[in-house]
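Engineer: Dumping the structure here so I can ask a few things about it.
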Amino acid sequence: MSNFDQELDARGLNCPLPILRAKKTLTGMTSGEVLKIMATDPGSVKDFEAFATQTGNELLDSSEVDGEFHFLMKKTL
Amino acid sequence: MSSKRLTIISSKGTLDWAYPPFILSSTAAALGYEVTMFFTFYGLQLLKKELNLKVSPLGNPGMPMPMGMNNWFPVLGTTIPGMETIMTTMMKNTVKSKGVASVEELRDLCLEADVRMIGCQMTIDLFDMRREDFIDGIDIGGAATYFEHAGEAGVNLFI
């Protein structure tokens, strides 16, 4: 996993909380910063893809690690 | 008309029907949609300061029950006094244990995300409801107000 500026632990949370928490955290970050999100909700994989497309933020990485889902979201706007 | 605008008419006031409107609204808001929720009839229960939402197994044949009860539990059993309270408590516990937000939390997230919430004037008058019973931060309006927003929205849902 490459560098990230902030980390969000969304494990144990189900839809729509991972997305909502991510949105809130990203709002407090500056453009260019990267947010690492960890989630256990399998639905979050598709959700974060949609989130990236819809909001214009860039999903740098999406992977499964030990049954958890890790994402790297770069704030672009 | 913008495709990234959503309106939802919320007409039901039970625990199971409270989730769809708030989940859809909060998610849409997170995705950058402009959201308006219009609460009418029993949907107004969702705007009360003190949420006291119930879910009843009576008349809900699609409701999953634990321990395979769906298969043998008679419909008449759902009318046993206390059944509604038991089912409501069980539902709330299941929601909590699965890491799903409570209705109050979802509603707060919506308000935080600037989701516009409108209470139906006619229903408030009809059921003699009081403005003080509802949360702050909501507007009161009629069907015409709803259409002002719906006409501009790409997604309009009736729940």
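Naming scheme: A, B, ... for chains in displayed order of the structure tokens; residues 1 onward per chain; ligands 1 onward as shown.
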Got a sec to pull out which chain A residues are within 12 Å of chain B, counting only C-alpha atoms, and send them as a ChimeraX atom specification?

Structural biologist: /A:10-27,39-41,47-57

Engineer: Next, dump the selected residues to file, keeping only N, CA and C atoms, as a tab-separated table (two decimals), in the first residue's frame.

Structural biologist:
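File produced: part_22.tsv:
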chain	number	residue	atom	x	y	z
A	10	ALA	N	-13.47	2.05	8.86
A	10	ALA	CA	-14.92	1.88	8.70
A	10	ALA	C	-15.29	0.41	8.87
A	11	ARG	N	-14.41	-0.34	9.53
A	11	ARG	CA	-14.69	-1.76	9.71
A	11	ARG	C	-15.84	-1.96	10.68
A	12	GLY	N	-16.69	-2.94	10.37
A	12	GLY	CA	-17.85	-3.19	11.23
A	12	GLY	C	-19.04	-2.30	10.90
A	13	LEU	N	-18.84	-1.36	9.99
A	13	LEU	CA	-19.94	-0.47	9.61
A	13	LEU	C	-20.53	-0.91	8.28
A	14	ASN	N	-21.85	-0.85	8.18
A	14	ASN	CA	-22.50	-1.24	6.94
A	14	ASN	C	-23.08	-0.06	6.20
A	15	CYS	N	-23.43	-0.30	4.93
A	15	CYS	CA	-23.99	0.72	4.05
A	15	CYS	C	-25.04	1.52	4.78
A	16	PRO	N	-25.10	2.82	4.66
A	16	PRO	CA	-24.20	3.66	3.87
A	16	PRO	C	-23.08	4.31	4.68
A	17	LEU	N	-22.85	3.84	5.90
A	17	LEU	CA	-21.88	4.50	6.76
A	17	LEU	C	-20.45	4.63	6.21
A	18	PRO	N	-19.87	3.59	5.57
A	18	PRO	CA	-18.51	3.78	5.04
A	18	PRO	C	-18.41	4.98	4.10
A	19	ILE	N	-19.35	5.09	3.18
A	19	ILE	CA	-19.34	6.20	2.23
A	19	ILE	C	-19.55	7.54	2.94
A	20	LEU	N	-20.50	7.57	3.85
A	20	LEU	CA	-20.81	8.82	4.53
A	20	LEU	C	-19.63	9.30	5.37
A	21	ARG	N	-18.99	8.36	6.08
A	21	ARG	CA	-17.83	8.73	6.90
A	21	ARG	C	-16.69	9.22	6.01
A	22	ALA	N	-16.52	8.52	4.86
A	22	ALA	CA	-15.44	8.90	3.94
A	22	ALA	C	-15.67	10.31	3.42
A	23	LYS	N	-16.91	10.59	3.05
A	23	LYS	CA	-17.27	11.91	2.52
A	23	LYS	C	-16.94	12.98	3.55
A	24	LYS	N	-17.32	12.71	4.80
A	24	LYS	CA	-17.09	13.68	5.87
A	24	LYS	C	-15.60	13.91	6.07
A	25	THR	N	-14.81	12.82	6.08
A	25	THR	CA	-13.37	12.94	6.29
A	25	THR	C	-12.72	13.69	5.14
A	26	LEU	N	-13.15	13.38	3.91
A	26	LEU	CA	-12.56	14.01	2.74
A	26	LEU	C	-12.82	15.52	2.72
A	27	THR	N	-13.99	15.91	3.22
A	27	THR	CA	-14.33	17.33	3.24
A	27	THR	C	-13.31	18.11	4.05
A	39	ALA	N	-12.59	-1.25	5.34
A	39	ALA	CA	-13.99	-1.61	5.57
A	39	ALA	C	-14.15	-3.12	5.55
A	40	THR	N	-15.25	-3.59	6.18
A	40	THR	CA	-15.54	-5.02	6.14
A	40	THR	C	-16.79	-5.30	5.33
A	41	ASP	N	-17.52	-4.24	4.96
A	41	ASP	CA	-18.75	-4.40	4.20
A	41	ASP	C	-18.42	-4.70	2.74
A	47	ASP	N	-19.59	0.51	-3.88
A	47	ASP	CA	-19.97	1.83	-3.40
A	47	ASP	C	-18.86	2.85	-3.60
A	48	PHE	N	-17.61	2.45	-3.28
A	48	PHE	CA	-16.51	3.39	-3.41
A	48	PHE	C	-16.18	3.67	-4.88
A	49	GLU	N	-16.40	2.69	-5.74
A	49	GLU	CA	-16.21	2.93	-7.17
A	49	GLU	C	-17.20	3.99	-7.63
A	50	ALA	N	-18.46	3.80	-7.23
A	50	ALA	CA	-19.50	4.75	-7.61
A	50	ALA	C	-19.22	6.12	-7.00
A	51	PHE	N	-18.74	6.13	-5.77
A	51	PHE	CA	-18.43	7.38	-5.08
A	51	PHE	C	-17.37	8.15	-5.86
A	52	ALA	N	-16.35	7.43	-6.32
A	52	ALA	CA	-15.28	8.09	-7.07
A	52	ALA	C	-15.82	8.68	-8.37
A	53	THR	N	-16.61	7.88	-9.10
A	53	THR	CA	-17.16	8.35	-10.38
A	53	THR	C	-18.07	9.55	-10.17
A	54	GLN	N	-18.93	9.47	-9.16
A	54	GLN	CA	-19.93	10.50	-8.94
A	54	GLN	C	-19.35	11.80	-8.40
A	55	THR	N	-18.31	11.70	-7.56
A	55	THR	CA	-17.82	12.92	-6.92
A	55	THR	C	-16.57	13.46	-7.57
A	56	GLY	N	-15.95	12.68	-8.46
A	56	GLY	CA	-14.76	13.18	-9.13
A	56	GLY	C	-13.48	12.95	-8.35
A	57	ASN	N	-13.59	12.38	-7.15
A	57	ASN	CA	-12.38	12.04	-6.41
A	57	ASN	C	-11.80	10.77	-7.04

Engineer: Looking only at the backbone, which of the residues in chain B does DSSP tag as strand (DSSP E), as a ChimeraX atom specification?

Structural biologist: /B:2-10,34-39,116-120,139-141,153-158

Engineer: Deliver the residues from the most recent selection as a file, using N, CA and C atoms, as a PDB file, in the first residue's frame.

Structural biologist:
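Okay, result-v2.pdb is ready:
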ATOM      1  N   SER B   2     -31.990  18.768 -13.461  1.00  0.00           N
ATOM      2  CA  SER B   2     -30.675  18.199 -13.195  1.00  0.00           C
ATOM      3  C   SER B   2     -30.817  16.734 -12.809  1.00  0.00           C
ATOM      4  N   SER B   3     -29.974  15.891 -13.413  1.00  0.00           N
ATOM      5  CA  SER B   3     -30.070  14.469 -13.080  1.00  0.00           C
ATOM      6  C   SER B   3     -29.499  14.194 -11.708  1.00  0.00           C
ATOM      7  N   LYS B   4     -28.745  15.171 -11.148  1.00  0.00           N
ATOM      8  CA  LYS B   4     -28.190  14.935  -9.818  1.00  0.00           C
ATOM      9  C   LYS B   4     -29.051  15.587  -8.747  1.00  0.00           C
ATOM     10  N   ARG B   5     -30.348  15.567  -8.984  1.00  0.00           N
ATOM     11  CA  ARG B   5     -31.281  16.034  -7.965  1.00  0.00           C
ATOM     12  C   ARG B   5     -32.242  14.912  -7.669  1.00  0.00           C
ATOM     13  N   LEU B   6     -32.512  14.737  -6.382  1.00  0.00           N
ATOM     14  CA  LEU B   6     -33.374  13.647  -5.940  1.00  0.00           C
ATOM     15  C   LEU B   6     -34.476  14.178  -5.050  1.00  0.00           C
ATOM     16  N   THR B   7     -35.710  13.698  -5.279  1.00  0.00           N
ATOM     17  CA  THR B   7     -36.752  13.982  -4.295  1.00  0.00           C
ATOM     18  C   THR B   7     -37.313  12.642  -3.834  1.00  0.00           C
ATOM     19  N   ILE B   8     -37.700  12.590  -2.577  1.00  0.00           N
ATOM     20  CA  ILE B   8     -38.318  11.378  -2.046  1.00  0.00           C
ATOM     21  C   ILE B   8     -39.564  11.773  -1.291  1.00  0.00           C
ATOM     22  N   ILE B   9     -40.686  11.110  -1.605  1.00  0.00           N
ATOM     23  CA  ILE B   9     -41.899  11.303  -0.809  1.00  0.00           C
ATOM     24  C   ILE B   9     -41.913  10.152   0.182  1.00  0.00           C
ATOM     25  N   SER B  10     -41.968  10.473   1.440  1.00  0.00           N
ATOM     26  CA  SER B  10     -41.944   9.449   2.471  1.00  0.00           C
ATOM     27  C   SER B  10     -43.311   9.412   3.120  1.00  0.00           C
ATOM     28  N   GLU B  34     -28.421  16.885  -4.877  1.00  0.00           N
ATOM     29  CA  GLU B  34     -29.202  17.825  -4.091  1.00  0.00           C
ATOM     30  C   GLU B  34     -30.492  17.079  -3.743  1.00  0.00           C
ATOM     31  N   VAL B  35     -30.763  16.921  -2.457  1.00  0.00           N
ATOM     32  CA  VAL B  35     -31.871  16.049  -2.049  1.00  0.00           C
ATOM     33  C   VAL B  35     -32.980  16.801  -1.319  1.00  0.00           C
ATOM     34  N   THR B  36     -34.227  16.510  -1.699  1.00  0.00           N
ATOM     35  CA  THR B  36     -35.392  17.042  -0.988  1.00  0.00           C
ATOM     36  C   THR B  36     -36.253  15.871  -0.550  1.00  0.00           C
ATOM     37  N   MET B  37     -36.617  15.855   0.736  1.00  0.00           N
ATOM     38  CA  MET B  37     -37.503  14.803   1.237  1.00  0.00           C
ATOM     39  C   MET B  37     -38.826  15.443   1.632  1.00  0.00           C
ATOM     40  N   PHE B  38     -39.901  14.834   1.191  1.00  0.00           N
ATOM     41  CA  PHE B  38     -41.228  15.353   1.508  1.00  0.00           C
ATOM     42  C   PHE B  38     -41.940  14.303   2.349  1.00  0.00           C
ATOM     43  N   PHE B  39     -42.292  14.677   3.581  1.00  0.00           N
ATOM     44  CA  PHE B  39     -42.901  13.724   4.503  1.00  0.00           C
ATOM     45  C   PHE B  39     -44.395  13.968   4.597  1.00  0.00           C
ATOM     46  N   ARG B 116     -32.833  18.738   2.236  1.00  0.00           N
ATOM     47  CA  ARG B 116     -34.000  19.561   2.559  1.00  0.00           C
ATOM     48  C   ARG B 116     -35.139  18.651   2.984  1.00  0.00           C
ATOM     49  N   MET B 117     -35.709  18.915   4.172  1.00  0.00           N
ATOM     50  CA  MET B 117     -36.828  18.082   4.643  1.00  0.00           C
ATOM     51  C   MET B 117     -38.081  18.940   4.771  1.00  0.00           C
ATOM     52  N   ILE B 118     -39.146  18.498   4.130  1.00  0.00           N
ATOM     53  CA  ILE B 118     -40.396  19.259   4.150  1.00  0.00           C
ATOM     54  C   ILE B 118     -41.505  18.411   4.746  1.00  0.00           C
ATOM     55  N   GLY B 119     -42.243  18.979   5.703  1.00  0.00           N
ATOM     56  CA  GLY B 119     -43.383  18.284   6.297  1.00  0.00           C
ATOM     57  C   GLY B 119     -44.649  18.739   5.590  1.00  0.00           C
ATOM     58  N   CYS B 120     -45.540  17.789   5.333  1.00  0.00           N
ATOM     59  CA  CYS B 120     -46.762  18.109   4.607  1.00  0.00           C
ATOM     60  C   CYS B 120     -47.746  18.887   5.482  1.00  0.00           C
ATOM     61  N   ASP B 139     -38.823  22.421   6.779  1.00  0.00           N
ATOM     62  CA  ASP B 139     -39.809  23.376   6.261  1.00  0.00           C
ATOM     63  C   ASP B 139     -41.186  22.723   6.308  1.00  0.00           C
ATOM     64  N   ILE B 140     -42.203  23.538   6.152  1.00  0.00           N
ATOM     65  CA  ILE B 140     -43.562  22.989   6.040  1.00  0.00           C
ATOM     66  C   ILE B 140     -44.099  23.433   4.692  1.00  0.00           C
ATOM     67  N   GLY B 141     -44.707  22.537   3.960  1.00  0.00           N
ATOM     68  CA  GLY B 141     -45.202  22.931   2.642  1.00  0.00           C
ATOM     69  C   GLY B 141     -46.292  22.009   2.155  1.00  0.00           C
ATOM     70  N   ALA B 153     -35.994  17.672 -10.668  1.00  0.00           N
ATOM     71  CA  ALA B 153     -35.147  16.552 -10.255  1.00  0.00           C
ATOM     72  C   ALA B 153     -35.173  15.403 -11.253  1.00  0.00           C
ATOM     73  N   GLY B 154     -34.051  14.757 -11.402  1.00  0.00           N
ATOM     74  CA  GLY B 154     -33.931  13.629 -12.308  1.00  0.00           C
ATOM     75  C   GLY B 154     -34.432  12.334 -11.695  1.00  0.00           C
ATOM     76  N   VAL B 155     -34.452  12.283 -10.348  1.00  0.00           N
ATOM     77  CA  VAL B 155     -34.899  11.060  -9.674  1.00  0.00           C
ATOM     78  C   VAL B 155     -35.948  11.424  -8.645  1.00  0.00           C
ATOM     79  N   ASN B 156     -37.153  10.871  -8.799  1.00  0.00           N
ATOM     80  CA  ASN B 156     -38.229  11.127  -7.839  1.00  0.00           C
ATOM     81  C   ASN B 156     -38.786   9.805  -7.371  1.00  0.00           C
ATOM     82  N   LEU B 157     -38.754   9.614  -6.044  1.00  0.00           N
ATOM     83  CA  LEU B 157     -39.179   8.317  -5.516  1.00  0.00           C
ATOM     84  C   LEU B 157     -40.336   8.457  -4.544  1.00  0.00           C
ATOM     85  N   PHE B 158     -41.245   7.471  -4.583  1.00  0.00           N
ATOM     86  CA  PHE B 158     -42.343   7.444  -3.639  1.00  0.00           C
ATOM     87  C   PHE B 158     -42.149   6.231  -2.734  1.00  0.00           C
TER      88      PHE B 158
END

Engineer: Going by DSSP on the backbone, which bits of chain A are alpha helix (DSSP H)? Write them as a list in words, please.

Structural biologist: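 These are the residues in question: Leu17, Pro18, Ile19, Leu20, Arg21, Ala22, Lys23, Lys24, Thr25, Leu26, Thr27, Ser44, Val45, Lys46, Asp47, Phe48, Glu49, Ala50, Phe51, Ala52, Thr53, Gln54 and Thr55 of chain A.
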
Engineer: Just the residues within 10 Å of Phe127 in chain B, please, counting only C-alpha atoms, with nothing from its chain fewer than 5 positions along; format it as a PyMOL selection string.

Structural biologist: chain B and resi 41-42+122

Engineer: Can you measure CA of Gly59 in chain B to CA of Thr78 in chain B for me? One decimal in Å is fine.

Structural biologist: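 CA of Thr78 in chain B lies at a distance of 8.6 Å from CA of Gly59 in chain B.
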
Engineer: Pick out the residues sitting within 8 Å of range 59-63 of chain A, and hand them over as a compact mmCIF listing (two decimals) with N, CA and C atoms, in the first residue's frame; count only C-alpha atoms, and ignore anything fewer than 3 positions along from it in its own chain.

Structural biologist:
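Output saved as selection-v4.txt:
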# COMPACT_ATOMS: atom_id res chain seq x y z
N VAL A 45 -17.15 -2.11 -1.86
CA VAL A 45 -16.28 -2.13 -3.06
C VAL A 45 -16.96 -1.37 -4.18
N PHE A 48 -17.61 2.45 -3.28
CA PHE A 48 -16.51 3.39 -3.41
C PHE A 48 -16.18 3.67 -4.88
N GLU A 49 -16.40 2.69 -5.74
CA GLU A 49 -16.21 2.93 -7.17
C GLU A 49 -17.20 3.99 -7.63
N ALA A 52 -16.35 7.43 -6.32
CA ALA A 52 -15.28 8.09 -7.07
C ALA A 52 -15.82 8.68 -8.37
N PHE A 69 -11.51 -4.90 3.24
CA PHE A 69 -11.41 -4.18 1.98
C PHE A 69 -10.70 -2.86 2.25
N HIS A 70 -9.60 -2.63 1.51
CA HIS A 70 -8.84 -1.40 1.71
C HIS A 70 -8.92 -0.54 0.46
N PHE A 71 -9.13 0.75 0.65
CA PHE A 71 -9.22 1.67 -0.48
C PHE A 71 -8.30 2.86 -0.26
N LEU A 72 -7.79 3.39 -1.38
CA LEU A 72 -7.03 4.63 -1.32
C LEU A 72 -7.76 5.64 -2.17
N MET A 73 -8.30 6.67 -1.54
CA MET A 73 -9.08 7.66 -2.26
C MET A 73 -8.33 8.98 -2.23
N LYS A 74 -8.07 9.53 -3.44
CA LYS A 74 -7.35 10.80 -3.51
C LYS A 74 -8.36 11.92 -3.70

Engineer: Skipping near chain neighbours, those fewer than 5 positions away, what residues fall within 12 Å of Arg131 in chain B using only C-alpha atoms, listed as a PyMOL selection string?

Structural biologist: chain B and resi 44+47-49+119-121+123-125+136-140

Engineer: Keeping only C-alpha atoms, write the selected residues to a file as a compact mmCIF listing (two decimals), in the first residue's frame.

Structural biologist:
# COMPACT_ATOMS: atom_id res chain seq x y z
CA LEU B 44 -44.39 12.61 9.43
CA LEU B 47 -39.75 13.96 11.67
CA LYS B 48 -40.71 13.77 15.32
CA LYS B 49 -38.12 14.86 17.88
CA GLY B 119 -43.38 18.28 6.30
CA CYS B 120 -46.76 18.11 4.61
CA GLN B 121 -48.94 20.99 5.83
CA THR B 123 -51.27 16.07 7.07
CA ILE B 124 -50.12 18.14 10.03
CA ASP B 125 -53.48 19.88 10.07
CA ASP B 136 -35.74 21.81 13.89
CA GLY B 137 -34.40 22.53 10.48
CA ILE B 138 -37.44 21.43 8.50
CA ASP B 139 -39.81 23.38 6.26
CA ILE B 140 -43.56 22.99 6.04

Engineer: Taking only C-alpha atoms into account, which of B:Ser25, B:Asn70, B:Ser11, B:Ser56 comes nearest Gly82 in chain B?

Structural biologist: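 So, comparing all the options, the nearest one is B:Ser56.
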
Engineer: Which polymer residues have any atom within 7 Å of an atom of Thr14 in chain B, counting only C-alpha atoms, with same-chain residues fewer than 3 positions away left out, as a VMD selection string?

Structural biologist: chain B and resid 17 to 18 53 to 55

Engineer: Would you mind exporting C-alpha atoms of the selected residues as a PDB file, in the first residue's frame?

Structural biologist:
ATOM      1  CA  TRP B  17     -40.084   1.907   6.147  1.00  0.00           C
ATOM      2  CA  ALA B  18     -37.924   4.550   7.842  1.00  0.00           C
ATOM      3  CA  LEU B  53     -40.971   3.832  15.486  1.00  0.00           C
ATOM      4  CA  LYS B  54     -42.349   0.334  15.591  1.00  0.00           C
ATOM      5  CA  VAL B  55     -42.439  -2.567  13.201  1.00  0.00           C
TER       6      VAL B  55
END
